[in-house]
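The structure appears below as structure tokens.
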Amino acid sequence: MRIKTELPRPINVIEDQRVLMPDGCELSARIWLPKDADSNPVPMILEHLPYRKRDGTIARDEVSLPWMAGHGYACVRVDMRGTGDSHGLHEDEYTQQEWEDAISVMDWAREQPWCDGAFGMQGISWGGFNCLQVGALKPKGLKAIISICSTVDRYADDIHYKGGSLLNENLGWSAQMLAYSSRAPDPALAPNSWREMWQERLEAQPFSLETWLDHQTRDDFWKHGSICEDYSAIEVAVLSIGGWHDGYRNTINHLVSNISAPVKGIIGPWIHKYPHIAEPKPAIGFLQEAKRWWDHWLKDADTGVENDPDMRIYVMDSVKPKAWLPERPGRWIAETQWPSPNIANEVLHLTSAGLSHTAGDCNASVCSPADCGATGGEYFPFAYGPEFPIDQRGDDALSSCFDGPVLEHAIDLVGAANISLKLSADKPAAQVAVRLCDVFPDGTSAMIAHGMLNLQHRNSHEFPEAIVPDEVFDVQFDLDDCGYRVPAGHKLRVSVQTNYWPFLWPAPELATVTIHNGSIDLPKRPLAEGDEWEFEPAEGSQPWEIETHRTGRCTRTRECDLETGETVMRISNGDGHVTDLKHGLSTSSVTHEEWRINGDNPLSAKADIRWFTTMGRDDWQTSTEAKASMTADASAFHIKAELRTWEGDDLVFERSFQRSILRNGL
């Protein structure tokens, strides 16, 4: 990354701006803006998050927001109410209160001398969601948004119920938020009230998994905040960005295909990160791209963004799979129009002879053991570590596989493959996961894309229906979007499995699913001859100034007890231990996860997660321990959590959560 030490406009940083909400709640904002903004007002760019600006998002904020402020913007980073250094209480994701607070921040900014009344809103993940949601409310002055790694469907394309199956990320994310949101405010910013704020926050802390399991079907709870319910509500200009190694890779296609307002999409090879700091490389000059976007929509400058291609997509080359890849070779393509007339569908049929252009019966049966899925990787890799799908042959051996012929010519796949299957099952509950793989001449199997469906949701995610054993029915669903080149000499493989642990929670019984016939519709694009688009190199401002006491580390292991048949996936993530050299706050966190199951018994599934965090300065030290676990029997999920916090050596808060929640079509 090129570091820019000189910017067109010198900037000021307001470390803690208190913003009063209409109900009297004070939010804490950090603001970067040009020094002369009072006499030469600028547009405001808002990022509204629960992730603690003081110690959570500070690394990316430091490298990004001063750069943008120095190019003529007020960048306002707000801690959501009940989080970080803001007052109030945090309840759940994407509440009406959250949206109203964001709009109230804009109303407040409109009265400040440095603001010209034009607003943009941006964010990644949570912030990428809520800028779309707030945009749909049409607040005064909001003209454009940049939404990164977000979703349009909170139920079926978020961390919750992919294809109607329960993603285990529900447990992981609720444990993380329990640990994250329960941290104390910084006493340096609230010396007289931080302890009272902290205690109030702790007593009201939710264990969100309870709420999410109370809504196992796509009811009004999930429709709230799902942009796909009414794309026409978005009238502001939208730049949607994502990465092929992120769980939210489908959003760019959905937004560009459905929004009638000005919209553009960029999708690279990245994990769940901003694209100027993301890997796998190549990173891009995101800040320059964002400036072009903001300059046009917020300052009426002629930057040409309205004439950019609808979609700019990185098509990755085939490489041997590894749990972490710092770089993915490939090329940028540009599609002027999206959906693209350049992409044609090619149908391959699942037959007893493999993948074929000619239809035929296959009558293959599959009953994957409950521990099938170990090669699948994380839902959204985040740690610059071993979280990618690995060689798929281990799971292929536990699946029903359909191979195509050796390719005589390379092919580019760009978009979403669609799978159609005629199935029957011998149990009232079952699920299928389908993987599209690239098979190397030596047999290595690399995942291109996957998709999944809870077969009780075959007709509706809102109204599940038990399977009638041995009754034949049809299903159809998309695999995740991809941009991938399969070389000549390789083969395509479609693998169908009935368990995907620890990606998905298993159905209550091992079910045998019979595939009577099926087909896959591939999105083929003419082979890109060379780069069709080029981005500027990544730039940023001075990195976060820290002293590192311990570097972060991510590990992932899998063990099998050969006597009992139990497998254990162990995952550890450490963010390290650092001290901010400007405000002196020291922070650390470490996570340990265990995912246990016996392949013969899906009801043996058990997950345990532990977060331990510290925060302090000089003689003031705090720490937090959050634990969460989940098991299930045939009728209910059983969840537990514990939260404990210390100030120094004194335990200042302790709380337990425990609940059983009936299974509903899962």
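Ordering of the structure tokens sets the chain letters (A, B, ...), residue numbers begin anew at 1 in every chain, and ligands are numbered from 1 in the order given.
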Closest pair table for segment 77-115 of chain A residues within 8 Å of segment 32-45 of chain A, only C-alpha atoms, as CSV:
residue,atom,partner,partner_atom,distance
A:Ala109,CA,A:Met44,CA,7.8
A:Pro113,CA,A:Asp38,CA,5.0
A:Trp114,CA,A:Asp38,CA,4.3
A:Cys115,CA,A:Pro41,CA,5.0
Task: All residues 12 Å or closer to Asp361 of chain A, only C-alpha atoms, same chain fewer than 5 positions away omitted, as a ChimeraX atom specification - done: /A:349-356,421-423,514-519
- [ ] May I ask which of the residues A:Pro428, A:Leu178, A:Asp158, A:Thr95 is the closest one to Glu465 of chain A, counting only C-alpha atoms?
- [x] A:Pro428
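We find atom CA of Gln112 of chain A and atom CA of Leu20 of chain A to be spaced 13.1 Å apart.
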Open item on the list: So that I can check the surroundings of Glu91 of chain A, please list as a PyMOL selection string every protein, DNA and RNA residue that reaches within 9 Å of it, counting only C-alpha atoms and ignoring chain neighbours fewer than 5 positions away.
Closed with: chain A and resi 82+204-206+208
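The smallest atom-to-atom distance between Glu509 of chain A and any of A:Pro66, A:Pro389, A:Gly373, A:Gly599, using only C-alpha atoms, is found for A:Gly599.
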Open item on the list: For a quick check of understanding, using only C-alpha atoms, which of A:Val568, A:Ile266, A:Leu49, A:Val238 has the smallest distance to Gly123 of chain A?
Closed with: A:Leu49
Task: Who sits within 12 Å of Thr498 of chain A, only C-alpha atoms, same chain under 4 positions skipped, as a PyMOL selection string - done: chain A and resi 165+365-373+395-396+398-400+425+427+429-435+451-455+504-515+599+602
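Shortest separation to Lys627 of chain A among A:Pro22, A:Lys4, A:Ile333, A:Met177 occurs at residue A:Met177, atoms counted being only C-alpha atoms.
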Task: Within 8 Å of His71 of chain A using only C-alpha atoms, minus same-chain residues under 3 positions, as a ChimeraX atom specification - done: /A:7-9,67-68,291
